[in-house]
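*Asks:* There's a structure below that I have some questions on.
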Number of protein chains: 4
Amino acid sequence: MQFASDNTSAAHPEVLAALTRANEDYAPAYGADRYTAELTERLRELFQAPDALVYPMTSGTATNAMLLAAMSPPWGVIYCHEDAHIEVDERGAVTLFAGGAKLKPLPSQDGRIDPAQLAQTVTVEAARKDIHAMPPACVSITNITENGVLYTLAQISEIASATRLPLHIDGARLANALAACGASPWEMTREATALSLGGTKFGAFGAEAAVLFDPALQEAFESQRMRGGQNLSKARFVSAQMLALLKDDLWIRLGAHANAMAARLAEGLVERGAELAYPVDGNMIFARLPLARHITAWERGAAYHPMEDIATASAQTPVLARFVASWSTTEAEVDALLAALD
Amino acid sequence: MQFASDNTSAAHPEVLAALTRANEDYAPAYGADRYTAELTERLRELFQAPDALVYPMTSGTATNAMLLAAMSPPWGVIYCHEDAHIEVDERGAVTLFAGGAKLKPLPSQDGRIDPAQLAQTVTVEAARKDIHAMPPACVSITNITENGVLYTLAQISEIASATRLPLHIDGARLANALAACGASPWEMTREATALSLGGTKFGAFGAEAAVLFDPALQEAFESQRMRGGQNLSKARFVSAQMLALLKDDLWIRLGAHANAMAARLAEGLVERGAELAYPVDGNMIFARLPLARHITAWERGAAYHPMEDIATASAQTPVLARFVASWSTTEAEVDALLAALD
Amino acid sequence: MQFASDNTSAAHPEVLAALTRANEDYAPAYGADRYTAELTERLRELFQAPDALVYPMTSGTATNAMLLAAMSPPWGVIYCHEDAHIEVDERGAVTLFAGGAKLKPLPSQDGRIDPAQLAQTVTVEAARKDIHAMPPACVSITNITENGVLYTLAQISEIASATRLPLHIDGARLANALAACGASPWEMTREATALSLGGTKFGAFGAEAAVLFDPALQEAFESQRMRGGQNLSKARFVSAQMLALLKDDLWIRLGAHANAMAARLAEGLVERGAELAYPVDGNMIFARLPLARHITAWERGAAYHPMEDIATASAQTPVLARFVASWSTTEAEVDALLAALD
Amino acid sequence: MQFASDNTSAAHPEVLAALTRANEDYAPAYGADRYTAELTERLRELFQAPDALVYPMTSGTATNAMLLAAMSPPWGVIYCHEDAHIEVDERGAVTLFAGGAKLKPLPSQDGRIDPAQLAQTVTVEAARKDIHAMPPACVSITNITENGVLYTLAQISEIASATRLPLHIDGARLANALAACGASPWEMTREATALSLGGTKFGAFGAEAAVLFDPALQEAFESQRMRGGQNLSKARFVSAQMLALLKDDLWIRLGAHANAMAARLAEGLVERGAELAYPVDGNMIFARLPLARHITAWERGAAYHPMEDIATASAQTPVLARFVASWSTTEAEVDALLAALD
């Protein structure tokens, strides 16, 4: 009954198999190997971006921080959702790499940036044109979001056209987003300047990729990547993991599976009286249940995180918790969790 | 004939086997898993440091930068050798994380920091006690060094006692150092405050460990690690790799093998008229040969790096090159290289 | 009709006289002079803080940034009002010096931080105790605020006791605050850990002081001050200016005068139909008037700033503008401005 | 007998007079005043640089750091002399503002950068073209240097043509350099990309100017200046000081006077057996005298700094000390110092 995060799952057998195959003989270090070349080629095709630059990475936090640092001057403003991973879960990584740039978190009701609010905020701040103020630099969205909701293609377009700023997509769960709406990788990223493409959350041992759709970011990004220790000597082993996920759309199939398991779980939770904080578009559920039920489930071995301070929670008010399904979640696990909540 | 670096080698079969075994079921993220716990326990034993804190990492550059950033204020001076990896090969990683601290590279003839020179430099700089000046913060040595020479236990003690500053050891090739002198891990690190323990160069897919002998560094180090994207969600897979290397002293045996291969190669090179720039204590050889011989070897498929700009090298002056043996180097490969140079 | 800012005024004659007197003979550099010693003594008395450390400075922005950088680790959160100078007018100075710390701007209706909201925000963030999150570090308030409203002594106490975090006061207009409520400097700052004490806005050529009520901040602050170029060689000339302002409470008398001029202006504005956005507690007025009236006044030579983008303002909706009275504002100037608005 | 530094002197009467005249009425803040406009015009003429951008500043350290941060990426190398103020006296200011860039100090015998050594160092480092390495960014020289020696026009040209890197000149004592060789301001700076123009050391209360000969640096420099608190609200009072120094070449006449006083002192010191560490080109003398004579002089009230740790100096070896003459040094003071040394 492991629903704490999609990063508690193991690596997919295909990823292990690919790593095993790649573990032969010598290969040039620092990404000059054939696996990384193939990864570049594969992602250029997928994203219909023949000039895109691709870098294997071991950390989504690092990928986000280094890309955004390449997209903003040290005095720029990076707009994001108030619940964005870069704002709440990276201990200031972006600001470190970007040398002082500011994350501007935007609140919303539905877990996504509101394009109209974004447009207005950027317009006001851009209009200052005053050396005292930090100028707008770029926008970052996560899809699916940290709240488990999807930006549809139309919504991404709205975000992109709300300003003239470059767009970064945190795709730690891009596979879940693609599976959720059936869009192609190209459709979902064509308005983006850079992408953090996750792998770890859906089946890798530890593999991500940075994709620069704008090659002009090369020097800044590669410099930041080097400074942050992500210019990997044995890059081939990360690239090989990513290739395994991309092959025959394995990642999207795994994303679809995780989404389906989340849907099954959500249905069961609602049947048990849970209130959903957000629609369940992907593989994450935010649901409120009485504290007693959570405690019962935890005592029975269910693993998932409350999103509120339990110590101060009351018995009367339902407590918000997050449930995450992964590529390896089974129907039996979902059903066991539901049973544990009964 | 792959002698470009020890990071061009594959992962050791035992590492792959361990990773395969570890790839089962769910595990808590961010190092709360049993592999990381076991790694901590194992390294505490090895280093006779029951309070040491241990962190699996995927990058030696990041490990160095984050440890040193925890050991120096943003205005401190970090003393190192002029050929240290942190000085010449990390594009300023230490300075980024440390918020402006200065690396002070010390020159030397023999590829190691000279304790007397270190003592004098630190004494003079410490005596200034002037807010204009940057105060001494810590010392970093690499063992074996980037020049392939060993700090013996006596030499490490001399470095440590040359100042009262905390000592960091970059152990990207600690296994080679241990094999070279027969010292125990504890003997080699007992004067250190922190250690970057390599794994990638001797058999891992991509695994290192940060070891904090001084637990007071915890908050600063963990903060830097988080900001740099090295708080790994699937930490267990890195820890499992390190455990495989540590088991039955595999790492040291692999280091000894690489050292032996380098010795064999050095002997052959000297027989062929090469001048060694440094004694060959470990697995790296710095040797001068006529440019024509290098070119012949490269044309015959030998892979290793010149340490000078070939474009401006003369036919008369021998050209310095670096040859690195790894855990997977065979006698046949050494002999093939020597033949290619004939 | 100069109401653009209190920093458009000249220096007070007493400040010039003091500077002239101080301009004799040689003096030790970098604050080892008798003027700086006297300034330290004087401020220790005023603030009843015998251990306080005092530093003459030439910039309020630098003073804020360096003090806050000494009060927060690079990964800390600094709470402030959303209209705080440090948030909106310093192009990220705090984040630069603090090495990545985050300003957390808090919104409010009345131009001040709401203690209850502060308490709740800090409680939630402090409860995370998760390495992913940035921990609360300190609180910064400005008195009088950038919106021209006063924190009373009771309100300051509420802010201070809302959390256990250290408190920084930006006192760019502390004289106006003191004059507004009649409190003593000690009363107004006794809960503060550090103070940015302005001088430039009420009569200096360019003089501020940093006051560290907590001497433990010394090394960090002095280091930041040196790195930012505020360890002034001819510090005595800045200290002499501050001493002139402090003598016989000149600063508070000047603050009271500026406040009185603002009150006179506010009354006239209201009589002319202006809506005040905030109560006029000090020397600043935020008032809405029809755009046509602003244009008329500007055409007649009135100098003050709109707070909205004029280009997109409508003729129907009143436009917000800021009017600032200074130590040198006269009744005649106020009346001339009011006439220009008729 | 004040020879500790040229920053222990008072402000020149003309500077005070100019400040007094400027202290009238209101003026726009942040450099939009007529004094700053006039300063820009005047310096553009002096340096024959019609596109140059000029900024009044209150700190040489800040000016250096902000200019160099605009001239180097966060991963660049800034070449300077090992005794440069930016390397030894600014506690890492450059690195802070430049976000991690490295100062590369070059040793020399004669107190200046050796062009041949500079050329070779930069050539080697530029040839690496490796993301691991920090690429060369710019060169900074100080004229006259911190060792009191002059770069002649020919020597500046040699430095400039040794590389293709942009050149920064730290002109904290540019007046002394100009007086020493009779060159025009234009001749001395025509190869520079940016200049830190001092004022404080030769007669201002506290005034410097940043001069950007390359207007492309504008956004980066202005951003850094704002972040460092040097976008001065009452900029006019700094500009007025600079204008007073520039009027009728007052600064150069004051520089010539200080140089003459240093020459007189140097002659007297040599007559008394002192060894000069460097030729006395400007207003600074580095001379070795027996410790006993220093002590005698200090006991008699002479103020100047030893350049070695007195605590560990021996009676036998002469001790190096620095003597600095300023605009206000008189022949009588020089003679009194010489007498004190007898």
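Chain identifiers are assigned as A, B, and so on, following the order in which chains appear in the structure tokens; residues are numbered from 1 within each chain, and ligands are numbered from 1 in order of appearance.
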Going by DSSP on the backbone, which residues of stretch 71-223 of chain C come out as strand (DSSP E)? List them as number ranges by chain.

*Replies:* C: 77-81, 102-106, 136-142, 167-171, 194-197, 208-212

*Asks:* Mind running chain B against chain A at 9 Å and telling me each contacting residue's nearest atom pair with the distance in Å (one decimal), counting only C-alpha atoms, chain and number ascending, as a Markdown table?

*Replies:*
| residue | atom | partner | partner_atom | distance |
| --- | --- | --- | --- | --- |
| B:Gln2 | CA | A:Tyr26 | CA | 6.9 |
| B:Ala4 | CA | A:Pro28 | CA | 8.3 |
| B:Ser5 | CA | A:Ala29 | CA | 8.1 |
| B:Asn7 | CA | A:Ser233 | CA | 6.0 |
| B:Thr8 | CA | A:Ala27 | CA | 5.1 |
| B:Ser9 | CA | A:Tyr26 | CA | 4.7 |
| B:Ala10 | CA | A:Asn23 | CA | 5.5 |
| B:Ala11 | CA | A:Asn23 | CA | 6.2 |
| B:His12 | CA | A:Asn23 | CA | 8.5 |
| B:Pro13 | CA | A:Asn23 | CA | 8.7 |
| B:Leu16 | CA | A:Thr20 | CA | 7.2 |
| B:Leu19 | CA | A:Leu16 | CA | 8.7 |
| B:Thr20 | CA | A:Leu16 | CA | 7.2 |
| B:Ala22 | CA | A:Ala10 | CA | 8.5 |
| B:Asn23 | CA | A:Ala10 | CA | 5.5 |
| B:Glu24 | CA | A:Ala10 | CA | 5.8 |
| B:Asp25 | CA | A:Ala10 | CA | 5.9 |
| B:Tyr26 | CA | A:Ser9 | CA | 4.8 |
| B:Ala27 | CA | A:Thr8 | CA | 5.1 |
| B:Pro28 | CA | A:Thr8 | CA | 5.5 |
| B:Ala29 | CA | A:Thr8 | CA | 5.5 |
| B:Thr58 | CA | A:Thr58 | CA | 7.3 |
| B:Ser59 | CA | A:Gly229 | CA | 5.6 |
| B:Gly60 | CA | A:Gly229 | CA | 7.2 |
| B:Thr61 | CA | A:Gly229 | CA | 4.9 |
| B:Ala62 | CA | A:Gly229 | CA | 4.5 |
| B:Thr63 | CA | A:Gly229 | CA | 8.1 |
| B:Ala65 | CA | A:Gly228 | CA | 8.3 |
| B:Glu90 | CA | A:Arg227 | CA | 6.0 |
| B:Arg91 | CA | A:Arg227 | CA | 5.6 |
| B:Gly92 | CA | A:Arg227 | CA | 6.0 |
| B:Ala93 | CA | A:Arg227 | CA | 4.1 |
| B:Val94 | CA | A:Arg227 | CA | 7.9 |
| B:Thr95 | CA | A:Arg227 | CA | 9.0 |
| B:Leu96 | CA | A:Arg227 | CA | 7.2 |
| B:Phe97 | CA | A:Leu96 | CA | 7.7 |
| B:Gly99 | CA | A:Leu96 | CA | 8.7 |
| B:Thr200 | CA | A:Lys234 | CA | 7.8 |
| B:Lys201 | CA | A:Ser233 | CA | 8.9 |
| B:Phe205 | CA | A:Phe237 | CA | 6.6 |
| B:Gly206 | CA | A:Lys234 | CA | 6.5 |
| B:Ser223 | CA | A:Arg91 | CA | 7.1 |
| B:Gln224 | CA | A:Arg91 | CA | 8.7 |
| B:Met226 | CA | A:Arg91 | CA | 6.4 |
| B:Arg227 | CA | A:Ala93 | CA | 4.1 |
| B:Gly228 | CA | A:Ala62 | CA | 5.9 |
| B:Gly229 | CA | A:Ala62 | CA | 4.5 |
| B:Gln230 | CA | A:Ser59 | CA | 7.0 |
| B:Asn231 | CA | A:Ser59 | CA | 8.5 |
| B:Leu232 | CA | A:Ser59 | CA | 7.1 |
| B:Ser233 | CA | A:Asn7 | CA | 6.0 |
| B:Lys234 | CA | A:Asn7 | CA | 6.4 |
| B:Ala235 | CA | A:Gly206 | CA | 8.5 |
| B:Phe237 | CA | A:Phe205 | CA | 6.6 |
| B:Val238 | CA | A:Phe205 | CA | 8.8 |
| B:Ser328 | CA | A:Asp25 | CA | 8.8 |

*Asks:* What's the 7 Å shell around C:Ala18, counting only C-alpha atoms, without same-chain residues fewer than 3 positions away, as a PyMOL selection string?

*Replies:* chain C and resi 14-15+21-22+240-241+244

*Asks:* Write the residues of the preceding selection, restricted to N, CA, C and O atoms, as a tab-separated table (two decimals), in the first residue's frame.

*Replies:*
chain	number	residue	atom	x	y	z
C	14	GLU	N	22.35	72.32	9.25
C	14	GLU	CA	23.13	71.81	10.38
C	14	GLU	C	24.03	70.65	9.95
C	14	GLU	O	25.10	70.43	10.50
C	15	VAL	N	23.54	69.88	8.98
C	15	VAL	CA	24.34	68.77	8.47
C	15	VAL	C	25.54	69.32	7.71
C	15	VAL	O	26.68	68.85	7.88
C	21	ARG	N	32.68	71.40	9.75
C	21	ARG	CA	33.51	71.33	10.95
C	21	ARG	C	34.37	70.07	10.97
C	21	ARG	O	35.52	70.09	11.43
C	22	ALA	N	33.80	68.98	10.49
C	22	ALA	CA	34.54	67.71	10.54
C	22	ALA	C	35.66	67.66	9.51
C	22	ALA	O	36.54	66.79	9.58
C	240	ALA	N	29.60	62.10	10.94
C	240	ALA	CA	29.37	63.50	11.33
C	240	ALA	C	27.98	63.96	10.89
C	240	ALA	O	27.31	64.72	11.61
C	241	GLN	N	27.55	63.52	9.73
C	241	GLN	CA	26.20	63.88	9.27
C	241	GLN	C	25.13	63.29	10.19
C	241	GLN	O	24.16	63.98	10.56
C	244	ALA	N	24.94	65.18	13.45
C	244	ALA	CA	24.24	66.47	13.33
C	244	ALA	C	22.73	66.26	13.39
C	244	ALA	O	22.00	67.04	14.02

*Asks:* Return the single residue from B:Glu308, B:Glu219, B:Asp342, B:Glu299 that is closest to B:Arg272, with distances computed using only C-alpha atoms.

*Replies:*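 Among B:Glu308, B:Glu219, B:Asp342, B:Glu299, it is B:Asp342 that comes nearest to B:Arg272.
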
*Asks:* Would you mind listing what lies within 7 Å of stretch 157-163 of chain D as a list in words, with only C-alpha atoms counted and same-chain residues fewer than 5 positions away left out?

*Replies:*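 Non-adjacent residues within range: Pro115, Ala116, Leu118, Ala119 and Glu191 of chain D.
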
*Asks:* Take the selection from the previous step and output its residues with N, CA, C and O atoms, as a PDB file, in the first residue's frame.

*Replies:*
ATOM      1  N   PRO D 115      53.040  41.425 -19.139  1.00  0.00           N
ATOM      2  CA  PRO D 115      52.215  41.141 -20.330  1.00  0.00           C
ATOM      3  C   PRO D 115      52.498  39.777 -20.939  1.00  0.00           C
ATOM      4  O   PRO D 115      51.566  39.084 -21.375  1.00  0.00           O
ATOM      5  N   ALA D 116      53.756  39.371 -20.951  1.00  0.00           N
ATOM      6  CA  ALA D 116      54.084  38.076 -21.558  1.00  0.00           C
ATOM      7  C   ALA D 116      53.463  36.941 -20.750  1.00  0.00           C
ATOM      8  O   ALA D 116      52.895  35.994 -21.292  1.00  0.00           O
ATOM      9  N   LEU D 118      50.868  37.211 -18.769  1.00  0.00           N
ATOM     10  CA  LEU D 118      49.427  37.318 -18.966  1.00  0.00           C
ATOM     11  C   LEU D 118      49.020  36.640 -20.271  1.00  0.00           C
ATOM     12  O   LEU D 118      48.083  35.828 -20.311  1.00  0.00           O
ATOM     13  N   ALA D 119      49.749  36.959 -21.331  1.00  0.00           N
ATOM     14  CA  ALA D 119      49.423  36.397 -22.647  1.00  0.00           C
ATOM     15  C   ALA D 119      49.489  34.875 -22.604  1.00  0.00           C
ATOM     16  O   ALA D 119      48.591  34.179 -23.088  1.00  0.00           O
ATOM     17  N   GLU D 191      42.273  52.201 -24.114  1.00  0.00           N
ATOM     18  CA  GLU D 191      42.149  50.772 -24.383  1.00  0.00           C
ATOM     19  C   GLU D 191      41.243  50.071 -23.377  1.00  0.00           C
ATOM     20  O   GLU D 191      41.047  48.853 -23.451  1.00  0.00           O
TER      21      GLU D 191
END

*Asks:* From the list D:Lys129, D:Arg173, D:Arg164, D:Lys247, which residue is nearest D:Thr193 when using only C-alpha atoms?

*Replies:* D:Arg164

*Asks:* Quick check, in Å to one decimal: how far apart do atom CA of B:Val324 and atom CA of B:Cys138 lie?

*Replies:* 29.4 Å

*Asks:* Just the residues within 12 Å of A:Val270, please, counting only C-alpha atoms, with nothing from its chain fewer than 2 positions along; format it as a PDB file with N, CA, C and O atoms, in the first residue's frame.

*Replies:*
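Written output follows (selection.pdb):
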ATOM      1  N   ALA A 263      -7.199   6.870 -10.761  1.00  0.00           N
ATOM      2  CA  ALA A 263      -8.641   7.043 -10.996  1.00  0.00           C
ATOM      3  C   ALA A 263      -9.433   6.012 -10.194  1.00  0.00           C
ATOM      4  O   ALA A 263     -10.461   6.323  -9.573  1.00  0.00           O
ATOM      5  N   ARG A 264      -8.927   4.782 -10.217  1.00  0.00           N
ATOM      6  CA  ARG A 264      -9.592   3.727  -9.445  1.00  0.00           C
ATOM      7  C   ARG A 264      -9.605   4.067  -7.954  1.00  0.00           C
ATOM      8  O   ARG A 264     -10.619   3.929  -7.266  1.00  0.00           O
ATOM      9  N   LEU A 265      -8.477   4.542  -7.499  1.00  0.00           N
ATOM     10  CA  LEU A 265      -8.378   4.899  -6.082  1.00  0.00           C
ATOM     11  C   LEU A 265      -9.295   6.084  -5.759  1.00  0.00           C
ATOM     12  O   LEU A 265      -9.994   6.080  -4.731  1.00  0.00           O
ATOM     13  N   ALA A 266      -9.291   7.064  -6.638  1.00  0.00           N
ATOM     14  CA  ALA A 266     -10.124   8.246  -6.387  1.00  0.00           C
ATOM     15  C   ALA A 266     -11.589   7.853  -6.280  1.00  0.00           C
ATOM     16  O   ALA A 266     -12.319   8.321  -5.400  1.00  0.00           O
ATOM     17  N   GLU A 267     -11.992   6.992  -7.181  1.00  0.00           N
ATOM     18  CA  GLU A 267     -13.383   6.552  -7.156  1.00  0.00           C
ATOM     19  C   GLU A 267     -13.717   5.896  -5.815  1.00  0.00           C
ATOM     20  O   GLU A 267     -14.735   6.205  -5.177  1.00  0.00           O
ATOM     21  N   GLY A 268     -12.827   5.034  -5.390  1.00  0.00           N
ATOM     22  CA  GLY A 268     -13.035   4.361  -4.115  1.00  0.00           C
ATOM     23  C   GLY A 268     -13.044   5.334  -2.947  1.00  0.00           C
ATOM     24  O   GLY A 268     -13.825   5.186  -1.995  1.00  0.00           O
ATOM     25  N   ARG A 272     -16.114   6.409  -0.358  1.00  0.00           N
ATOM     26  CA  ARG A 272     -15.963   6.366   1.106  1.00  0.00           C
ATOM     27  C   ARG A 272     -16.102   7.747   1.751  1.00  0.00           C
ATOM     28  O   ARG A 272     -15.707   7.944   2.896  1.00  0.00           O
ATOM     29  N   GLY A 273     -16.589   8.694   0.970  1.00  0.00           N
ATOM     30  CA  GLY A 273     -16.902   9.988   1.560  1.00  0.00           C
ATOM     31  C   GLY A 273     -15.801  11.020   1.472  1.00  0.00           C
ATOM     32  O   GLY A 273     -15.937  12.121   2.024  1.00  0.00           O
ATOM     33  N   ALA A 274     -14.737  10.689   0.815  1.00  0.00           N
ATOM     34  CA  ALA A 274     -13.647  11.663   0.717  1.00  0.00           C
ATOM     35  C   ALA A 274     -14.051  12.835  -0.165  1.00  0.00           C
ATOM     36  O   ALA A 274     -14.793  12.667  -1.134  1.00  0.00           O
ATOM     37  N   GLU A 275     -13.570  14.020   0.188  1.00  0.00           N
ATOM     38  CA  GLU A 275     -13.721  15.172  -0.702  1.00  0.00           C
ATOM     39  C   GLU A 275     -12.411  15.341  -1.451  1.00  0.00           C
ATOM     40  O   GLU A 275     -11.337  15.373  -0.841  1.00  0.00           O
ATOM     41  N   LEU A 276     -12.515  15.503  -2.743  1.00  0.00           N
ATOM     42  CA  LEU A 276     -11.308  15.729  -3.540  1.00  0.00           C
ATOM     43  C   LEU A 276     -11.006  17.228  -3.601  1.00  0.00           C
ATOM     44  O   LEU A 276     -11.895  18.035  -3.883  1.00  0.00           O
ATOM     45  N   ALA A 277      -9.774  17.569  -3.340  1.00  0.00           N
ATOM     46  CA  ALA A 277      -9.388  18.978  -3.394  1.00  0.00           C
ATOM     47  C   ALA A 277      -9.226  19.451  -4.826  1.00  0.00           C
ATOM     48  O   ALA A 277      -9.399  20.639  -5.122  1.00  0.00           O
ATOM     49  N   PRO A 279      -9.556  17.985  -9.186  1.00  0.00           N
ATOM     50  CA  PRO A 279      -9.872  16.875 -10.083  1.00  0.00           C
ATOM     51  C   PRO A 279      -8.652  15.971 -10.206  1.00  0.00           C
ATOM     52  O   PRO A 279      -7.509  16.451 -10.127  1.00  0.00           O
ATOM     53  N   VAL A 280      -8.876  14.692 -10.381  1.00  0.00           N
ATOM     54  CA  VAL A 280      -7.767  13.753 -10.500  1.00  0.00           C
ATOM     55  C   VAL A 280      -7.475  13.539 -11.982  1.00  0.00           C
ATOM     56  O   VAL A 280      -8.034  12.643 -12.624  1.00  0.00           O
ATOM     57  N   ILE A 285      -3.747  12.158  -6.128  1.00  0.00           N
ATOM     58  CA  ILE A 285      -5.046  12.475  -5.541  1.00  0.00           C
ATOM     59  C   ILE A 285      -4.820  13.293  -4.277  1.00  0.00           C
ATOM     60  O   ILE A 285      -4.002  12.912  -3.433  1.00  0.00           O
ATOM     61  N   PHE A 286      -5.543  14.394  -4.164  1.00  0.00           N
ATOM     62  CA  PHE A 286      -5.550  15.166  -2.928  1.00  0.00           C
ATOM     63  C   PHE A 286      -6.950  15.060  -2.356  1.00  0.00           C
ATOM     64  O   PHE A 286      -7.902  15.599  -2.935  1.00  0.00           O
ATOM     65  N   ALA A 287      -7.043  14.355  -1.255  1.00  0.00           N
ATOM     66  CA  ALA A 287      -8.384  14.065  -0.735  1.00  0.00           C
ATOM     67  C   ALA A 287      -8.440  14.292   0.771  1.00  0.00           C
ATOM     68  O   ALA A 287      -7.454  14.079   1.481  1.00  0.00           O
ATOM     69  N   ARG A 288      -9.603  14.715   1.208  1.00  0.00           N
ATOM     70  CA  ARG A 288      -9.819  14.964   2.635  1.00  0.00           C
ATOM     71  C   ARG A 288     -10.636  13.825   3.237  1.00  0.00           C
ATOM     72  O   ARG A 288     -11.692  13.460   2.719  1.00  0.00           O
ATOM     73  N   LEU A 289     -10.125  13.315   4.344  1.00  0.00           N
ATOM     74  CA  LEU A 289     -10.803  12.263   5.083  1.00  0.00           C
ATOM     75  C   LEU A 289     -10.662  12.576   6.568  1.00  0.00           C
ATOM     76  O   LEU A 289      -9.719  13.265   6.969  1.00  0.00           O
ATOM     77  N   LEU A 338      -7.890   0.925  -0.108  1.00  0.00           N
ATOM     78  CA  LEU A 338      -9.294   1.273   0.152  1.00  0.00           C
ATOM     79  C   LEU A 338      -9.837   0.451   1.316  1.00  0.00           C
ATOM     80  O   LEU A 338     -10.544   0.978   2.184  1.00  0.00           O
ATOM     81  N   LEU A 341      -8.794   1.742   4.583  1.00  0.00           N
ATOM     82  CA  LEU A 341      -9.481   2.965   4.997  1.00  0.00           C
ATOM     83  C   LEU A 341     -10.889   2.680   5.514  1.00  0.00           C
ATOM     84  O   LEU A 341     -11.538   3.584   6.045  1.00  0.00           O
TER      85      LEU A 341
END

*Asks:* Please provide as a PyMOL selection string all residues within 8 Å of C:Gly199, with the sequence filter that same-chain residues fewer than 3 positions apart are discarded (counting only C-alpha atoms).

*Replies:* chain C and resi 172+202-204+206-209+242+245

*Asks:* Give me, as number ranges by chain, all polymer residues having an atom no more than 12 Å from D:Met71, counting only C-alpha atoms and skipping those fewer than 6 positions away in the same chain.

*Replies:* D: 64-65, 77-79, 94, 97-99, 101, 136-140, 165-168, 192-195, 212-221, 224

*Asks:* Report, in Å with one decimal, the straight-line distance from atom CA of D:Asp83 to atom CA of D:Tyr55.

*Replies:*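 Atom-to-atom, atom CA of D:Asp83 and atom CA of D:Tyr55 are spaced 26.5 Å apart.
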
*Asks:* Considering only alpha helix (DSSP H) as DSSP defines it on the backbone, what residues of stretch 116-162 of chain B qualify? List them as a list in words.

*Replies:*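 Written out, the alpha helix (DSSP H) residues of stretch 116-162 of chain B are Ala116, Gln117, Leu118, Ala119, Gln120, Thr121, Val122, Thr123, Val124, Glu125, Ala126, Ala127, Arg128, Leu153, Ala154, Gln155, Ile156, Ser157, Glu158, Ile159, Ala160, Ser161 and Ala162 of chain B.
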
*Asks:* Kindly give the distance, in Å, that separates atom CA of C:Ala339 and atom CA of C:Ser326, rounded to a single decimal.

*Replies:*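 We find that atom CA of C:Ala339 and atom CA of C:Ser326 lie 19.1 Å from each other.
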
*Asks:* Please determine, counting only C-alpha atoms, which residue among D:Leu197, D:Ala292, D:Ile156, D:Met284 has the shortest atom-to-atom distance to D:Arg322.

*Replies:* D:Met284
